[in-house]
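What follows is a single structure, written as structure tokens, with notes after it.
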Amino acid sequence: MDDRKRSGVCGVFVLAFFGLFPGFSTVLGQEGEEINPKKLFEYHCATCHGEDGKGTKRGRELKAPNLADPEWQGKKNDEEVLSSIMNGKNKMPRWSDKLKPEEIQALARYVRKLAPKKRS
């Protein structure tokens with residue numbers, strides 16, 4: 001199997017593992033409690049990204065992206081969003097040391113919902 005195919009298979013595995021495919025919509029925490037991704041985002045991410053994902057003054061100084069920007073959303077695939085949350089990027093900390101995989105999964109899906117819906 002060449003490297004591109006292997007990379008694609010690994011990417012699909014990661015997305016499936018973290019439940020980023022549509023069939024894995026409910027994320028449960030300890031003892032079956034549903035994880036609230038909005039609260040997670042507000043607590044861990046809003047300092048830089050703002051509650052709406054558009055960024056704060058501090059976030060802009062740190063060059064945090066506007067997560068609500070449809071153009072940014074279009075340039076990033078689910079694996080990249082997940083990787084940034086897990087491993088950090090630039091000045092953003094790695095959250096895999098502080099959050100559970102299911103919380104990271106919930107945050108990644110929440111980030112995808114920050115862009116305004118396209119009108120048909």
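Please note that chains go A, B, ... in the order of the structure tokens, that every chain numbers its residues from 1, and that ligands are numbered from 1 in the order shown.
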
### Task
Give me the residues within 12 Å of Lys89 (chain A) as a ChimeraX atom specification, counting only C-alpha atoms and dropping any in the same chain fewer than 4 places off.
/A:62-65,80-85,93-95

### Query
Contacts of Asp97 (chain A) at 12 Å or less, counting only C-alpha atoms, minus same-chain residues fewer than 4 places along, as a ChimeraX atom specification?
/A:85-88,93,101,103-104

#### Entry: Close residues, region 106-113 of chain A itself excluded, 8 Å, only C-alpha atoms, min 5 positions apart in chain, as an MDAnalysis selection string
chainID A and resid 20 27 35:38 40:41 53 67:68 73 78 81:82 85

Keeping only all heavy atoms, write the selected residues as a compact mmCIF listing (two decimals), in the first residue's frame.
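Ended up saving to selection04.txt:
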```
# COMPACT_ATOMS: atom_id res chain seq x y z
N LEU A 20 -16.19 11.27 14.31
CA LEU A 20 -16.51 12.45 13.53
C LEU A 20 -17.36 12.14 12.30
O LEU A 20 -17.70 13.02 11.55
CB LEU A 20 -15.23 13.17 13.10
CG LEU A 20 -14.50 13.84 14.25
CD1 LEU A 20 -13.22 14.48 13.75
CD2 LEU A 20 -15.37 14.89 14.92
N VAL A 27 -22.36 12.18 22.10
CA VAL A 27 -21.09 11.97 22.78
C VAL A 27 -21.39 11.90 24.27
O VAL A 27 -21.98 12.80 24.84
CB VAL A 27 -20.11 13.13 22.49
CG1 VAL A 27 -18.80 12.91 23.20
CG2 VAL A 27 -19.90 13.28 21.00
N ILE A 35 -21.96 15.07 26.93
CA ILE A 35 -20.98 16.16 26.95
C ILE A 35 -21.61 17.37 26.28
O ILE A 35 -22.23 17.26 25.22
CB ILE A 35 -19.70 15.74 26.21
CG1 ILE A 35 -19.01 14.62 26.99
CG2 ILE A 35 -18.76 16.91 26.02
CD1 ILE A 35 -17.85 14.00 26.26
N ASN A 36 -21.43 18.52 26.89
CA ASN A 36 -21.94 19.77 26.33
C ASN A 36 -20.79 20.49 25.62
O ASN A 36 -19.99 21.16 26.28
CB ASN A 36 -22.54 20.63 27.44
CG ASN A 36 -23.19 21.88 26.91
OD1 ASN A 36 -22.75 22.44 25.90
ND2 ASN A 36 -24.22 22.34 27.60
N PRO A 37 -20.68 20.35 24.30
CA PRO A 37 -19.54 20.94 23.60
C PRO A 37 -19.51 22.46 23.67
O PRO A 37 -18.43 23.05 23.68
CB PRO A 37 -19.68 20.43 22.17
CG PRO A 37 -21.10 20.02 22.03
CD PRO A 37 -21.57 19.62 23.39
N LYS A 38 -20.68 23.08 23.74
CA LYS A 38 -20.71 24.55 23.83
C LYS A 38 -20.05 25.00 25.13
O LYS A 38 -19.24 25.93 25.13
CB LYS A 38 -22.15 25.06 23.75
CG LYS A 38 -22.22 26.57 23.80
CD LYS A 38 -23.63 27.07 23.67
CE LYS A 38 -23.59 28.60 23.69
NZ LYS A 38 -24.89 29.20 23.78
N LEU A 40 -17.85 23.29 26.90
CA LEU A 40 -16.41 22.98 26.76
C LEU A 40 -15.71 24.08 25.97
O LEU A 40 -14.63 24.55 26.35
CB LEU A 40 -16.21 21.65 26.04
CG LEU A 40 -16.31 20.38 26.83
CD1 LEU A 40 -16.23 19.17 25.90
CD2 LEU A 40 -15.23 20.30 27.89
N PHE A 41 -16.32 24.50 24.87
CA PHE A 41 -15.74 25.53 24.02
C PHE A 41 -15.63 26.85 24.80
O PHE A 41 -14.59 27.51 24.78
CB PHE A 41 -16.57 25.73 22.75
CG PHE A 41 -15.94 26.67 21.77
CD1 PHE A 41 -15.01 26.20 20.85
CD2 PHE A 41 -16.26 28.01 21.77
CE1 PHE A 41 -14.42 27.08 19.94
CE2 PHE A 41 -15.67 28.89 20.87
CZ PHE A 41 -14.75 28.41 19.95
N GLY A 53 -16.66 32.05 18.08
CA GLY A 53 -15.62 31.51 17.21
C GLY A 53 -14.90 32.55 16.36
O GLY A 53 -13.95 32.24 15.66
N LEU A 67 -12.87 30.92 13.56
CA LEU A 67 -13.46 29.60 13.32
C LEU A 67 -14.84 29.67 12.69
O LEU A 67 -15.33 28.67 12.18
CB LEU A 67 -13.54 28.83 14.64
CG LEU A 67 -12.21 28.65 15.39
CD1 LEU A 67 -12.44 27.93 16.71
CD2 LEU A 67 -11.19 27.92 14.55
N ALA A 68 -15.45 30.85 12.71
CA ALA A 68 -16.77 31.02 12.11
C ALA A 68 -16.69 31.46 10.65
O ALA A 68 -17.71 31.60 9.99
CB ALA A 68 -17.58 32.05 12.91
N GLN A 73 -13.25 27.43 7.29
CA GLN A 73 -13.88 26.12 7.44
C GLN A 73 -13.68 25.28 6.17
O GLN A 73 -13.44 24.08 6.25
CB GLN A 73 -15.37 26.26 7.74
CG GLN A 73 -15.68 26.81 9.11
CD GLN A 73 -15.78 25.73 10.17
OE1 GLN A 73 -15.76 24.54 9.88
NE2 GLN A 73 -15.87 26.15 11.41
N ASP A 78 -11.85 17.69 8.55
CA ASP A 78 -12.13 17.28 9.93
C ASP A 78 -10.89 16.79 10.65
O ASP A 78 -10.70 17.05 11.84
CB ASP A 78 -13.20 16.17 9.94
CG ASP A 78 -14.57 16.68 9.54
OD1 ASP A 78 -14.77 17.91 9.54
OD2 ASP A 78 -15.43 15.84 9.23
N VAL A 81 -8.85 19.79 11.94
CA VAL A 81 -9.48 20.41 13.10
C VAL A 81 -9.21 19.56 14.34
O VAL A 81 -8.79 20.06 15.38
CB VAL A 81 -11.00 20.60 12.88
CG1 VAL A 81 -11.70 21.08 14.15
CG2 VAL A 81 -11.25 21.57 11.73
N LEU A 82 -9.43 18.28 14.22
CA LEU A 82 -9.20 17.35 15.31
C LEU A 82 -7.73 17.37 15.75
O LEU A 82 -7.43 17.43 16.94
CB LEU A 82 -9.61 15.94 14.88
CG LEU A 82 -9.53 14.84 15.93
CD1 LEU A 82 -10.49 15.13 17.08
CD2 LEU A 82 -9.85 13.51 15.30
N ILE A 85 -6.82 20.50 17.79
CA ILE A 85 -7.31 20.44 19.17
C ILE A 85 -6.47 19.46 19.98
O ILE A 85 -6.05 19.77 21.10
CB ILE A 85 -8.80 20.04 19.21
CG1 ILE A 85 -9.66 21.09 18.52
CG2 ILE A 85 -9.26 19.85 20.66
CD1 ILE A 85 -11.09 20.66 18.26
```

### Task
Identify, on the basis of only C-alpha atoms, every residue whose closest approach to Asp69 (chain A) does not exceed 8 Å; exclude the query and any residue fewer than 6 positions from it along the same chain; express the result as a ChimeraX atom specification.
/A:54,115-116

Go ahead and write the selection's residues with N, CA, C and O atoms as a PDB file, in the first residue's frame.
```pdb
ATOM      1  N   LYS A  54     -15.353  33.810  16.434  1.00  0.00           N
ATOM      2  CA  LYS A  54     -14.788  34.855  15.571  1.00  0.00           C
ATOM      3  C   LYS A  54     -13.488  35.439  16.109  1.00  0.00           C
ATOM      4  O   LYS A  54     -12.796  36.146  15.402  1.00  0.00           O
ATOM      5  N   ALA A 115     -19.547  28.024  11.691  1.00  0.00           N
ATOM      6  CA  ALA A 115     -19.713  28.784  10.445  1.00  0.00           C
ATOM      7  C   ALA A 115     -21.195  28.968  10.163  1.00  0.00           C
ATOM      8  O   ALA A 115     -21.989  28.063  10.393  1.00  0.00           O
ATOM      9  N   PRO A 116     -21.561  30.143   9.658  1.00  0.00           N
ATOM     10  CA  PRO A 116     -22.981  30.359   9.325  1.00  0.00           C
ATOM     11  C   PRO A 116     -23.443  29.389   8.246  1.00  0.00           C
ATOM     12  O   PRO A 116     -22.678  28.989   7.388  1.00  0.00           O
TER      13      PRO A 116
END
```
